[in-house]
$ cat work_30.cif   # mmCIF, C-alpha atoms
data_protein
#
loop_
_atom_site.label_atom_id
_atom_site.label_comp_id
_atom_site.auth_asym_id
_atom_site.auth_seq_id
_atom_site.Cartn_x
_atom_site.Cartn_y
_atom_site.Cartn_z
CA MET A 30 -38.92 47.33 -37.25
CA SER A 31 -36.03 46.48 -35.00
CA GLY A 32 -36.82 46.31 -31.32
CA SER A 33 -34.48 49.09 -30.18
CA ALA A 34 -35.05 51.63 -32.92
CA PHE A 35 -38.11 53.40 -31.55
CA ARG A 36 -39.36 54.51 -28.17
CA LEU A 37 -42.24 56.75 -27.12
CA GLU A 38 -43.02 58.26 -23.74
CA ARG A 39 -46.19 59.56 -22.14
CA PHE A 40 -46.10 61.65 -18.99
CA GLU A 41 -47.64 64.71 -17.43
CA SER A 42 -45.87 67.35 -15.37
CA PRO A 43 -47.28 70.75 -14.47
CA PRO A 44 -47.59 73.19 -16.03
CA ALA A 45 -46.59 71.58 -19.35
CA TRP A 46 -48.22 68.33 -20.49
CA SER A 47 -46.50 65.95 -22.89
CA THR A 48 -48.57 63.38 -24.72
CA VAL A 49 -48.16 60.94 -27.57
CA VAL A 50 -51.24 59.98 -29.55
CA PRO A 51 -51.84 56.83 -31.63
CA ALA A 52 -51.65 58.68 -34.96
CA LEU A 53 -48.21 59.99 -34.04
CA ILE A 54 -47.05 56.54 -32.93
CA LEU A 55 -48.17 54.93 -36.19
CA ALA A 56 -46.71 57.68 -38.36
CA VAL A 57 -43.24 57.64 -36.83
CA ALA A 58 -43.14 53.86 -36.36
CA GLY A 59 -44.17 53.38 -39.97
CA LEU A 60 -41.40 55.52 -41.38
CA LEU A 61 -38.86 53.72 -39.21
CA SER A 62 -39.92 50.24 -40.29
CA SER A 63 -37.53 50.28 -43.22
CA VAL A 64 -34.56 51.75 -41.35
CA PRO A 65 -31.90 49.05 -40.85
CA ALA A 66 -30.37 48.57 -37.43
CA GLN A 67 -26.78 49.22 -38.49
CA ALA A 68 -25.47 52.17 -36.47
CA GLN A 69 -23.92 55.16 -38.17
CA SER A 70 -22.14 57.84 -36.18
CA PHE A 71 -20.39 61.14 -36.81
CA GLN A 72 -18.09 63.02 -34.51
CA SER A 73 -16.93 66.60 -34.88
CA GLN A 74 -13.82 68.15 -33.34
CA ALA A 75 -15.75 71.37 -32.76
CA PRO A 76 -16.70 72.00 -29.12
CA PHE A 77 -19.96 73.55 -30.38
CA ALA A 78 -21.75 72.36 -33.52
CA VAL A 79 -25.15 72.18 -35.21
CA LEU A 80 -26.24 70.94 -38.62
CA LEU A 81 -29.75 72.07 -39.64
CA ASP A 82 -31.90 71.08 -42.61
CA SER A 83 -33.59 74.30 -43.72
CA ALA A 84 -36.70 72.86 -45.39
CA SER A 85 -37.85 70.62 -42.54
CA GLY A 86 -36.22 72.41 -39.61
CA ALA A 87 -34.71 69.06 -38.62
CA VAL A 88 -31.43 69.07 -36.70
CA LEU A 89 -29.15 66.41 -38.16
CA TYR A 90 -26.25 66.84 -35.74
CA GLU A 91 -25.68 68.76 -32.55
CA LYS A 92 -22.94 69.10 -29.97
CA ALA A 93 -23.35 71.46 -27.00
CA ALA A 94 -25.89 73.18 -29.23
CA ASP A 95 -27.68 74.96 -26.37
CA ASP A 96 -24.59 75.91 -24.37
CA LEU A 97 -23.66 79.58 -24.34
CA MET A 98 -20.54 80.45 -26.31
CA VAL A 99 -18.62 83.55 -27.41
CA PRO A 100 -19.68 84.50 -30.95
CA ALA A 101 -16.84 86.79 -32.08
CA SER A 102 -17.77 88.12 -35.53
CA LEU A 103 -20.58 85.58 -35.86
CA ALA A 104 -22.51 88.24 -33.91
CA LYS A 105 -22.50 90.29 -37.12
CA ILE A 106 -25.23 87.98 -38.46
CA ALA A 107 -27.57 89.65 -35.95
CA THR A 108 -26.16 93.05 -36.92
CA VAL A 109 -27.10 92.32 -40.52
CA LEU A 110 -30.54 91.08 -39.46
CA VAL A 111 -31.33 94.51 -38.00
CA ALA A 112 -30.14 96.22 -41.18
CA PHE A 113 -32.26 93.94 -43.39
CA GLU A 114 -35.31 94.60 -41.20
CA GLU A 115 -34.73 98.37 -41.39
CA ILE A 116 -34.67 98.10 -45.19
CA ALA A 117 -37.79 95.91 -45.28
CA GLN A 118 -39.67 98.38 -43.08
CA GLY A 119 -38.68 101.35 -45.23
CA ARG A 120 -36.57 103.17 -42.65
CA LEU A 121 -33.42 102.65 -44.70
CA THR A 122 -32.67 101.97 -48.36
CA LEU A 123 -29.58 100.56 -50.01
CA ASP A 124 -28.81 104.13 -51.13
CA SER A 125 -29.02 105.54 -47.59
CA GLU A 126 -25.74 107.19 -46.62
CA ILE A 127 -24.07 106.05 -43.41
CA GLY A 128 -21.58 108.40 -41.72
CA ILE A 129 -18.24 107.07 -40.51
CA SER A 130 -17.71 108.69 -37.12
CA GLU A 131 -14.38 109.11 -35.39
CA ASN A 132 -15.55 106.45 -32.92
CA ALA A 133 -16.24 103.95 -35.72
CA TRP A 134 -12.91 104.78 -37.36
CA ARG A 135 -10.87 104.47 -34.15
CA LYS A 136 -12.56 101.32 -32.78
CA GLY A 137 -13.02 99.53 -36.09
CA GLY A 138 -10.85 101.17 -38.72
CA GLY A 139 -7.36 100.35 -39.94
CA ILE A 140 -5.67 101.72 -36.83
CA SER A 141 -7.63 99.28 -34.61
CA GLY A 142 -5.80 96.17 -35.82
CA GLY A 143 -9.03 94.21 -36.29
CA SER A 144 -11.03 93.30 -39.36
CA THR A 145 -12.01 96.49 -41.17
CA MET A 146 -13.58 97.93 -44.28
CA PHE A 147 -10.99 100.76 -44.29
CA ALA A 148 -13.72 103.40 -44.48
CA GLN A 149 -12.35 106.94 -44.23
CA ILE A 150 -13.10 109.03 -41.14
CA HIS A 151 -16.03 111.46 -41.58
CA SER A 152 -16.88 109.98 -44.98
CA ARG A 153 -20.40 108.93 -45.98
CA VAL A 154 -20.91 105.45 -47.40
CA LYS A 155 -23.98 103.99 -49.06
CA LEU A 156 -25.68 101.25 -47.06
CA SER A 157 -25.18 98.83 -49.96
CA ASP A 158 -21.43 99.24 -49.51
CA ILE A 159 -21.64 99.17 -45.71
CA LEU A 160 -23.39 95.78 -45.92
CA GLN A 161 -20.65 94.43 -48.18
CA GLY A 162 -18.10 95.81 -45.74
CA ILE A 163 -19.77 93.95 -42.85
CA ILE A 164 -20.59 90.69 -44.62
CA VAL A 165 -17.70 90.21 -47.06
CA GLN A 166 -14.91 92.01 -45.20
CA SER A 167 -16.20 91.58 -41.63
CA GLY A 168 -15.55 95.28 -41.12
CA ASN A 169 -15.82 96.46 -37.53
CA ASP A 170 -15.86 100.08 -38.70
CA ALA A 171 -18.83 99.36 -40.97
CA SER A 172 -20.67 97.56 -38.16
CA ILE A 173 -20.19 100.41 -35.68
CA ALA A 174 -21.18 103.03 -38.26
CA LEU A 175 -24.38 101.11 -39.04
CA ALA A 176 -25.18 100.81 -35.33
CA GLU A 177 -24.76 104.55 -34.80
CA ALA A 178 -26.91 105.36 -37.84
CA VAL A 179 -29.76 103.10 -36.73
CA ALA A 180 -29.78 103.51 -32.95
CA GLY A 181 -27.56 106.47 -32.06
CA ASP A 182 -24.84 104.38 -30.44
CA GLU A 183 -23.62 100.81 -30.34
CA ALA A 184 -25.11 99.97 -26.94
CA ASN A 185 -28.63 100.90 -28.06
CA PHE A 186 -28.13 98.97 -31.30
CA ALA A 187 -27.01 95.88 -29.36
CA ARG A 188 -30.24 96.05 -27.37
CA LEU A 189 -32.09 96.13 -30.69
CA MET A 190 -30.15 93.05 -31.83
CA THR A 191 -31.22 91.16 -28.73
CA GLU A 192 -34.84 92.30 -29.04
CA ARG A 193 -35.02 91.26 -32.69
CA VAL A 194 -33.74 87.73 -32.04
CA ARG A 195 -36.13 87.41 -29.08
CA ALA A 196 -38.98 88.18 -31.49
CA LEU A 197 -37.84 85.15 -33.49
CA GLY A 198 -38.12 82.92 -30.41
CA LEU A 199 -34.37 82.84 -29.71
CA THR A 200 -34.32 83.11 -25.93
CA LYS A 201 -30.69 82.60 -24.92
CA SER A 202 -28.51 84.78 -27.14
CA VAL A 203 -27.50 88.22 -25.79
CA PHE A 204 -25.65 90.91 -27.75
CA ARG A 205 -23.61 93.77 -26.30
CA ASN A 206 -22.05 95.24 -29.46
CA ALA A 207 -22.43 95.18 -33.23
CA THR A 208 -18.98 93.80 -34.02
CA GLY A 209 -18.54 90.67 -31.93
CA MET A 210 -15.63 92.19 -30.02
CA GLY A 211 -15.08 90.56 -26.65
CA ASP A 212 -17.63 91.27 -23.93
CA PRO A 213 -18.26 88.91 -20.99
CA GLU A 214 -22.04 89.31 -21.37
CA GLN A 215 -22.18 88.70 -25.13
CA LYS A 216 -23.09 85.05 -25.64
CA VAL A 217 -25.01 82.97 -28.18
CA THR A 218 -25.81 79.32 -28.81
CA ALA A 219 -25.05 77.29 -31.91
CA ARG A 220 -28.69 76.27 -32.32
CA GLU A 221 -29.89 79.86 -32.20
CA LEU A 222 -27.26 81.00 -34.71
CA ALA A 223 -28.48 78.29 -37.10
CA ARG A 224 -32.11 79.34 -36.66
CA LEU A 225 -31.22 83.02 -37.07
CA SER A 226 -29.35 82.28 -40.29
CA ASP A 227 -32.24 80.18 -41.59
CA HIS A 228 -34.61 83.08 -40.92
CA ILE A 229 -32.40 85.52 -42.85
CA ILE A 230 -32.07 83.14 -45.81
CA LYS A 231 -35.83 82.58 -46.07
CA THR A 232 -37.02 86.11 -45.27
CA TYR A 233 -34.51 88.19 -47.25
CA PRO A 234 -33.42 86.02 -50.21
CA GLU A 235 -32.26 88.92 -52.38
CA LEU A 236 -30.24 90.63 -49.66
CA TYR A 237 -28.88 87.24 -48.55
CA LYS A 238 -27.03 87.00 -51.87
CA ILE A 239 -24.42 89.40 -50.46
CA PHE A 240 -23.21 86.56 -48.21
CA GLY A 241 -22.11 84.63 -51.29
CA GLN A 242 -20.02 87.46 -52.71
CA ARG A 243 -16.41 86.34 -53.05
CA GLU A 244 -14.67 89.71 -52.67
CA PHE A 245 -15.19 93.43 -52.18
CA THR A 246 -12.96 96.43 -52.82
CA TRP A 247 -13.28 99.66 -50.83
CA ASN A 248 -10.87 102.57 -50.55
CA LYS A 249 -8.81 100.78 -53.25
CA ILE A 250 -8.27 97.83 -50.91
CA ARG A 251 -9.49 94.48 -52.21
CA GLN A 252 -10.44 91.84 -49.64
CA GLN A 253 -11.57 88.26 -50.07
CA ASN A 254 -14.62 86.91 -48.29
CA ARG A 255 -13.35 85.16 -45.16
CA ASN A 256 -15.82 82.25 -45.54
CA PRO A 257 -13.67 79.29 -46.71
CA LEU A 258 -16.70 77.25 -47.79
CA LEU A 259 -17.36 79.59 -50.73
CA ALA A 260 -14.19 78.41 -52.46
CA MET A 261 -15.13 74.74 -52.10
CA ASP A 262 -17.22 72.94 -54.69
CA ILE A 263 -20.02 72.09 -52.26
CA GLY A 264 -22.75 74.58 -53.16
CA ALA A 265 -21.94 77.04 -50.35
CA ASP A 266 -23.42 80.56 -50.55
CA GLY A 267 -22.93 82.02 -47.01
CA LEU A 268 -22.65 83.03 -44.19
CA LYS A 269 -19.93 84.25 -41.76
CA THR A 270 -16.73 83.46 -39.87
CA GLY A 271 -15.51 84.64 -36.48
CA ASN A 272 -12.40 84.54 -34.33
CA ILE A 273 -11.19 86.17 -31.14
CA ASP A 274 -9.07 84.62 -28.40
CA ASP A 275 -12.06 83.94 -26.11
CA ALA A 276 -14.06 82.26 -28.87
CA GLY A 277 -11.61 80.26 -30.94
CA PHE A 278 -12.37 79.89 -34.63
CA GLY A 279 -16.04 79.71 -35.65
CA LEU A 280 -18.14 79.48 -38.79
CA VAL A 281 -21.77 79.65 -39.80
CA GLY A 282 -22.18 78.29 -43.31
CA SER A 283 -24.90 77.25 -45.69
CA ALA A 284 -24.89 75.18 -48.86
CA VAL A 285 -27.41 73.81 -51.34
CA GLN A 286 -27.16 70.49 -53.17
CA ASN A 287 -29.94 68.96 -55.29
CA GLY A 288 -32.41 71.49 -53.93
CA GLN A 289 -31.61 70.73 -50.29
CA ARG A 290 -30.22 73.51 -48.09
CA LEU A 291 -28.19 72.74 -44.98
CA ILE A 292 -26.91 75.22 -42.40
CA VAL A 293 -23.83 74.41 -40.32
CA VAL A 294 -22.47 76.08 -37.19
CA VAL A 295 -19.11 75.23 -35.64
CA ASN A 296 -17.25 77.21 -32.99
CA GLY A 297 -14.37 76.95 -30.54
CA LEU A 298 -11.88 75.38 -32.92
CA LYS A 299 -8.14 75.94 -32.64
CA THR A 300 -7.27 77.03 -36.18
CA ALA A 301 -8.84 78.48 -39.30
CA ARG A 302 -8.05 75.22 -41.10
CA ASP A 303 -9.91 73.21 -38.46
CA ARG A 304 -12.88 75.56 -38.86
CA ALA A 305 -12.96 75.06 -42.63
CA ASN A 306 -12.49 71.29 -42.42
CA GLU A 307 -15.17 70.73 -39.78
CA GLY A 308 -17.69 72.90 -41.59
CA ARG A 309 -17.10 71.06 -44.85
CA LYS A 310 -17.17 67.61 -43.24
CA LEU A 311 -20.48 68.27 -41.52
CA LEU A 312 -22.12 69.58 -44.68
CA GLU A 313 -20.88 66.72 -46.85
CA TRP A 314 -21.97 64.17 -44.27
CA GLY A 315 -25.40 65.77 -43.99
CA PHE A 316 -25.98 65.72 -47.74
CA ARG A 317 -24.76 62.13 -48.03
CA ALA A 318 -25.99 60.35 -44.92
CA PHE A 319 -29.65 61.38 -44.58
CA GLU A 320 -32.87 60.73 -46.42
CA PRO A 321 -36.19 62.57 -46.06
CA ARG A 322 -39.28 60.88 -44.65
CA ARG A 323 -42.73 62.43 -44.40
CA ILE A 324 -44.59 61.96 -41.10
CA PHE A 325 -47.70 63.99 -41.86
CA ALA A 326 -49.06 65.50 -45.05
CA GLU A 327 -50.29 69.09 -45.07
CA GLY A 328 -53.58 69.33 -43.16
CA ASP A 329 -53.21 65.99 -41.35
CA ILE A 330 -54.23 65.86 -37.70
CA VAL A 331 -51.09 65.31 -35.64
CA GLY A 332 -52.75 64.76 -32.27
CA GLU A 333 -54.99 66.34 -29.66
CA ALA A 334 -54.75 68.58 -26.60
CA SER A 335 -56.98 68.55 -23.53
CA VAL A 336 -59.39 71.48 -23.12
CA TYR A 337 -60.74 72.78 -19.80
CA GLY A 338 -64.34 74.00 -19.63
CA GLY A 339 -65.07 73.52 -23.31
CA GLU A 340 -67.98 72.18 -25.32
CA LYS A 341 -65.65 69.28 -26.01
CA GLY A 342 -62.81 67.94 -23.93
CA ARG A 343 -60.10 67.84 -26.61
CA VAL A 344 -59.04 69.84 -29.64
CA ALA A 345 -57.35 68.44 -32.74
CA LEU A 346 -53.87 69.75 -33.61
CA LYS A 347 -52.12 70.18 -36.93
CA ALA A 348 -48.93 71.73 -38.27
CA LYS A 349 -48.63 74.42 -40.91
CA GLY A 350 -47.69 72.46 -43.98
CA PRO A 351 -46.31 68.91 -44.13
CA VAL A 352 -44.13 67.49 -41.36
CA ASN A 353 -40.92 65.87 -42.56
CA LEU A 354 -37.93 64.29 -40.87
CA LEU A 355 -34.48 63.56 -42.19
CA LEU A 356 -33.31 60.20 -40.90
CA PRO A 357 -29.78 58.79 -41.11
CA ARG A 358 -29.38 55.85 -43.44
CA GLY A 359 -28.58 52.81 -41.33
CA SER A 360 -29.17 54.15 -37.81
CA SER A 361 -30.26 52.34 -34.65
CA GLU A 362 -30.81 55.53 -32.62
CA ARG A 363 -34.09 55.76 -30.75
CA ILE A 364 -36.72 58.15 -32.08
CA ASN A 365 -38.90 59.78 -29.41
CA ALA A 366 -41.84 61.96 -30.36
CA ARG A 367 -44.24 63.86 -28.13
CA ILE A 368 -46.70 66.72 -28.17
CA VAL A 369 -46.02 69.32 -25.49
CA TYR A 370 -48.39 72.05 -24.37
CA ARG A 371 -49.22 74.13 -21.33
CA GLY A 372 -52.55 72.82 -20.24
CA PRO A 373 -55.22 71.86 -20.16
CA LEU A 374 -56.06 74.63 -22.64
CA THR A 375 -58.69 77.14 -21.56
CA VAL A 376 -61.64 78.19 -23.71
CA PRO A 377 -62.20 79.70 -26.08
CA VAL A 378 -59.62 77.95 -28.24
CA GLN A 379 -59.52 79.63 -31.63
CA GLU A 380 -58.88 77.71 -34.83
CA GLY A 381 -55.37 78.48 -36.06
CA ALA A 382 -54.03 79.48 -32.65
CA GLU A 383 -50.60 78.09 -31.73
CA VAL A 384 -51.27 75.92 -28.68
CA ALA A 385 -48.63 73.15 -28.61
CA ARG A 386 -45.35 71.94 -30.04
CA LEU A 387 -44.25 68.69 -31.63
CA LEU A 388 -40.89 67.57 -30.26
CA VAL A 389 -38.94 64.73 -31.88
CA THR A 390 -35.56 63.52 -30.63
CA ARG A 391 -33.17 61.07 -32.28
CA GLY A 392 -30.90 59.69 -29.60
CA ASP A 393 -29.49 62.79 -27.92
CA VAL A 394 -30.30 65.05 -30.88
CA LYS A 395 -33.31 67.39 -30.66
CA THR A 396 -34.13 66.79 -34.28
CA LEU A 397 -37.49 68.55 -34.63
CA ASP A 398 -39.32 71.23 -32.65
CA ILE A 399 -42.26 72.79 -34.51
CA PRO A 400 -45.44 74.59 -33.44
CA LEU A 401 -48.85 72.92 -33.59
CA TYR A 402 -52.09 74.80 -34.14
CA ALA A 403 -55.71 74.23 -33.17
CA ALA A 404 -57.49 72.62 -36.11
CA GLU A 405 -60.90 73.81 -34.89
CA THR A 406 -62.54 76.31 -32.55
CA VAL A 407 -63.70 75.11 -29.14
CA GLN A 408 -66.14 77.37 -27.27
CA ALA A 409 -67.14 77.25 -23.60
CA GLY A 410 -69.27 74.27 -22.61
CA THR A 411 -72.34 74.00 -20.41
CA LEU A 412 -72.26 74.83 -16.71
CA GLN A 413 -72.46 71.11 -15.92
CA SER A 414 -69.52 70.24 -18.18
CA ARG A 415 -67.41 73.07 -16.74
CA ALA A 416 -68.16 71.88 -13.20
CA PHE A 417 -67.09 68.35 -14.13
CA ASP A 418 -63.85 69.66 -15.70
CA ALA A 419 -63.15 71.63 -12.52
CA LEU A 420 -63.48 68.50 -10.39
CA MET A 421 -61.24 66.54 -12.75
CA GLU A 422 -58.61 69.29 -12.73
CA VAL A 423 -58.56 69.30 -8.92
CA ALA A 424 -58.15 65.52 -8.90
CA THR A 425 -55.40 65.45 -11.49
CA GLY A 426 -53.73 68.38 -9.75
CA TRP A 427 -53.48 66.30 -6.58
CA VAL A 428 -51.95 63.46 -8.61
CA ARG A 429 -49.41 65.75 -10.29
CA LYS A 430 -48.53 67.32 -6.94
CA ALA A 431 -48.01 63.89 -5.38
CA LEU A 432 -45.86 62.79 -8.32
CA GLY A 433 -43.81 65.97 -7.96
CA ARG A 434 -42.98 65.02 -4.38
CA SER A 435 -41.97 61.49 -5.23
#
$ encode --input "work_30.cif" --output "structure tokens"
Amino acid sequence: MSGSAFRLERFESPPAWSTVVPALILAVAGLLSSVPAQAQSFQSQAPFAVLLDSASGAVLYEKAADDLMVPASLAKIATVLVAFEEIAQGRLTLDSEIGISENAWRKGGGISGGSTMFAQIHSRVKLSDILQGIIVQSGNDASIALAEAVAGDEANFARLMTERVRALGLTKSVFRNATGMGDPEQKVTARELARLSDHIIKTYPELYKIFGQREFTWNKIRQQNRNPLLAMDIGADGLKTGNIDDAGFGLVGSAVQNGQRLIVVVNGLKTARDRANEGRKLLEWGFRAFEPRRIFAEGDIVGEASVYGGEKGRVALKAKGPVNLLLPRGSSERINARIVYRGPLTVPVQEGAEVARLLVTRGDVKTLDIPLYAAETVQAGTLQSRAFDALMEVATGWVRKALGRS
């Protein structure tokens, strides 16, 4: 292994502890031993960009991925998420009829000048058609009508959108309407859009197929899907485009080649052509330039976490399923891996409980962030052992406090 290809850190800082254990060092160092030291780089014109491997959760490329940005119609991905969840929970069916109010018609219909399904005022439209109007035609009228049907008005629906993405662990994105129309408080991140799209693809595979539909005709008006990737021979099957003045041109896309699914997000570009080109370039580079490496097999112990007051002082950690990375062919970027948890953990620690995360970075890219679970149950220890742990926690607390002042 080349001397500069791999680096690991160990440090503690309250209240989260980060540790790297020997098994993790050997696993990651071993997979890097065959990676040549020739650097390979990729640069995107997009101000905001993410490329995500769906199977492993590995981020292959990122640029301002955690910075807040204006989503425009990319916000409709969250609108669709709520609709899919309503269907899954039995509150709506594809045959449910959605009324087109005067508000939906005026704000999002043909007279509005924005993207529209051209639904007629006071008509009733099946949800199956409303979804095609939102996804294929990017219809603002369809989005507003759905919001009113589910939550009474668009503001309440937007709160639902935000709540639903929070439940997925997406902590930064905030929605204020169902359409993506300009609002100073409506912001998302590229990373969270990628994760949201990945969730939809995996959780609702049948409904997701609508995103790959090339065209849809409603009210005798035929419209093409705005996603330019669908017309390219790259295996694309979704998701959504967006554009308003405050956002620039954006795209969330997904494609499958040789059984591998990648999800791309680009935003803030100057033209629709730039959006299409950058999305395609990132996907093609991702399929071509990376190879999968397994760090841990399913059931392997990844590391340990400290336990306070337990019958034993540490608990073994494992992931759900195998842990894989995608590494660039011919890269000299440093790989850093660490286990992060809020600790020491307090007893009882139940087997299967999520107690830590495995974080892996490649250079400046946060390539992997997955939960780790207790591989065993740890009950409370004896009075003597708990007293000893208390003394040790006081001592280490002094050390951490002193380090915090330095």
$ closest_residue --input "work_30.cif" --among "A:Asn287, A:Ser83, A:Ser172, A:Ser152" --to "Leu355 of chain A" --atoms "all atoms listed in the file"
A:Ser83
$ resolve_selection --input "work_30.cif" --expression "the PyMOL selection byres ((chain A and resi 190) around 9)" --output "list in words"
Ala107, Thr108, Leu110, Val111, Asn185, Phe186, Ala187, Arg188, Leu189, Thr191, Glu192, Arg193, Val194, Arg195, Val203, Phe204, Arg205, Asn206 and Ala207 of chain A
$ residues_around --input "work_30.cif" --residues "Pro257 of chain A" --least-positions-apart "6" --cutoff "12 Å" --atoms "only C-alpha atoms" --output "JSON, numbers by chain"
{"A": [165, 241, 242, 243, 263, 265, 266, 267, 268, 269, 270, 271, 279, 280, 281, 282, 283, 301, 302, 303, 304, 305, 306, 307, 308, 309]}
$ closest_residue --input "work_30.cif" --among "A:Thr246, A:Gln74, A:Gln286, A:Asn256" --to "Gln161 of chain A" --atoms "only C-alpha atoms"
A:Thr246
$ resolve_selection --input "work_30.cif" --expression "the PyMOL selection byres ((chain A and resi 400) around 12)" --output "PyMOL selection string"
chain A and resi 86+198+331+346-350+352+368-370+381-389+397-399+401-403
$ write_last_selection --input "work_30.cif" --atoms "C-alpha atoms" --output "JSON list (two decimals), in the coordinates of the input"
[["chain", "number", "residue", "atom", "x", "y", "z"],
["A", 86, "GLY", "CA", -36.22, 72.41, -39.61],
["A", 198, "GLY", "CA", -38.12, 82.92, -30.41],
["A", 331, "VAL", "CA", -51.09, 65.31, -35.64],
["A", 346, "LEU", "CA", -53.87, 69.75, -33.61],
["A", 347, "LYS", "CA", -52.12, 70.18, -36.93],
["A", 348, "ALA", "CA", -48.93, 71.73, -38.27],
["A", 349, "LYS", "CA", -48.63, 74.42, -40.91],
["A", 350, "GLY", "CA", -47.69, 72.46, -43.98],
["A", 352, "VAL", "CA", -44.13, 67.49, -41.36],
["A", 368, "ILE", "CA", -46.70, 66.72, -28.17],
["A", 369, "VAL", "CA", -46.02, 69.32, -25.49],
["A", 370, "TYR", "CA", -48.39, 72.05, -24.37],
["A", 381, "GLY", "CA", -55.37, 78.48, -36.06],
["A", 382, "ALA", "CA", -54.03, 79.48, -32.65],
["A", 383, "GLU", "CA", -50.60, 78.09, -31.73],
["A", 384, "VAL", "CA", -51.27, 75.92, -28.68],
["A", 385, "ALA", "CA", -48.63, 73.15, -28.61],
["A", 386, "ARG", "CA", -45.35, 71.94, -30.04],
["A", 387, "LEU", "CA", -44.25, 68.69, -31.63],
["A", 388, "LEU", "CA", -40.89, 67.57, -30.26],
["A", 389, "VAL", "CA", -38.94, 64.73, -31.88],
["A", 397, "LEU", "CA", -37.49, 68.55, -34.63],
["A", 398, "ASP", "CA", -39.32, 71.23, -32.65],
["A", 399, "ILE", "CA", -42.26, 72.79, -34.51],
["A", 401, "LEU", "CA", -48.85, 72.92, -33.59],
["A", 402, "TYR", "CA", -52.09, 74.80, -34.14],
["A", 403, "ALA", "CA", -55.71, 74.23, -33.17]]
$ closest_residue --input "work_30.cif" --among "A:Glu91, A:Glu244, A:Glu333, A:Asp212" --to "Ala75 of chain A" --atoms "all atoms listed in the file"
A:Glu91
$ atom_distance --input "work_30.cif" --atom1 "atom CA of Thr396 of chain A" --atom2 "atom CA of Val88 of chain A"
4.3 Å
$ atom_distance --input "work_30.cif" --atom1 "atom CA of Ala345 of chain A" --atom2 "atom CA of Glu380 of chain A"
9.6 Å
$ closest_residue --input "work_30.cif" --among "A:Trp134, A:Phe240, A:Ile250, A:Leu123" --to "Ser226 of chain A" --atoms "only C-alpha atoms"
A:Phe240
$ axis_aligned_box --input "work_30.cif" --around "segment 245-251 of chain A" --padding-each-side "8 Å" --output "AutoDock Vina command-line options"
--center_x -11.7 --center_y 98.0 --center_z -51.9 --size_x 22.9 --size_y 25.1 --size_z 18.7
$ residues_around --input "work_30.cif" --residues "Ala112 of chain A" --least-positions-apart "3" --cutoff "9 Å" --atoms "only C-alpha atoms" --output "CSV table (one decimal) with C-alpha atoms, keeping the file's coordinate frame"
chain,number,residue,atom,x,y,z
A,107,ALA,CA,-27.6,89.6,-36.0
A,108,THR,CA,-26.2,93.0,-36.9
A,109,VAL,CA,-27.1,92.3,-40.5
A,115,GLU,CA,-34.7,98.4,-41.4
A,116,ILE,CA,-34.7,98.1,-45.2
A,117,ALA,CA,-37.8,95.9,-45.3
A,121,LEU,CA,-33.4,102.6,-44.7
A,156,LEU,CA,-25.7,101.2,-47.1
A,160,LEU,CA,-23.4,95.8,-45.9
A,175,LEU,CA,-24.4,101.1,-39.0
A,176,ALA,CA,-25.2,100.8,-35.3
A,179,VAL,CA,-29.8,103.1,-36.7
$ atom_distance --input "work_30.cif" --atom1 "atom CA of Asp182 of chain A" --atom2 "atom CA of Glu221 of chain A"
25.1 Å
$ residues_around --input "work_30.cif" --residues "Ile229 of chain A" --least-positions-apart "4" --cutoff "10 Å" --atoms "only C-alpha atoms" --output "PyMOL selection string"
chain A and resi 106-107+109-110+113-114+224-225+233-234+236-237
$ closest_residue --input "work_30.cif" --among "A:Arg255, A:Lys310, A:Arg323, A:Lys92" --to "Gln166 of chain A" --atoms "only C-alpha atoms"
A:Arg255
$ closest_residue --input "work_30.cif" --among "A:Glu313, A:Asp274, A:Asp170, A:Asp329" --to "Lys136 of chain A" --atoms "only C-alpha atoms"
A:Asp170
$ residues_around --input "work_30.cif" --residues "Tyr337 of chain A" --least-positions-apart "2" --cutoff "7 Å" --atoms "all atoms listed in the file" --output "list of chain:residue names"
A:Ser335, A:Gly339, A:Gly342, A:Pro373, A:Leu374, A:Thr375, A:Val376, A:Asp418
$ resolve_selection --input "work_30.cif" --expression "the PyMOL selection byres ((chain A and resi 126-132) around 7)" --output "CSV table (one decimal) with C-alpha atoms, in the frame of the given file"
chain,number,residue,atom,x,y,z
A,124,ASP,CA,-28.8,104.1,-51.1
A,125,SER,CA,-29.0,105.5,-47.6
A,133,ALA,CA,-16.2,104.0,-35.7
A,134,TRP,CA,-12.9,104.8,-37.4
A,135,ARG,CA,-10.9,104.5,-34.2
A,136,LYS,CA,-12.6,101.3,-32.8
A,149,GLN,CA,-12.4,106.9,-44.2
A,150,ILE,CA,-13.1,109.0,-41.1
A,151,HIS,CA,-16.0,111.5,-41.6
A,152,SER,CA,-16.9,110.0,-45.0
A,153,ARG,CA,-20.4,108.9,-46.0
A,154,VAL,CA,-20.9,105.4,-47.4
A,155,LYS,CA,-24.0,104.0,-49.1
A,156,LEU,CA,-25.7,101.2,-47.1
A,174,ALA,CA,-21.2,103.0,-38.3
A,175,LEU,CA,-24.4,101.1,-39.0
A,178,ALA,CA,-26.9,105.4,-37.8
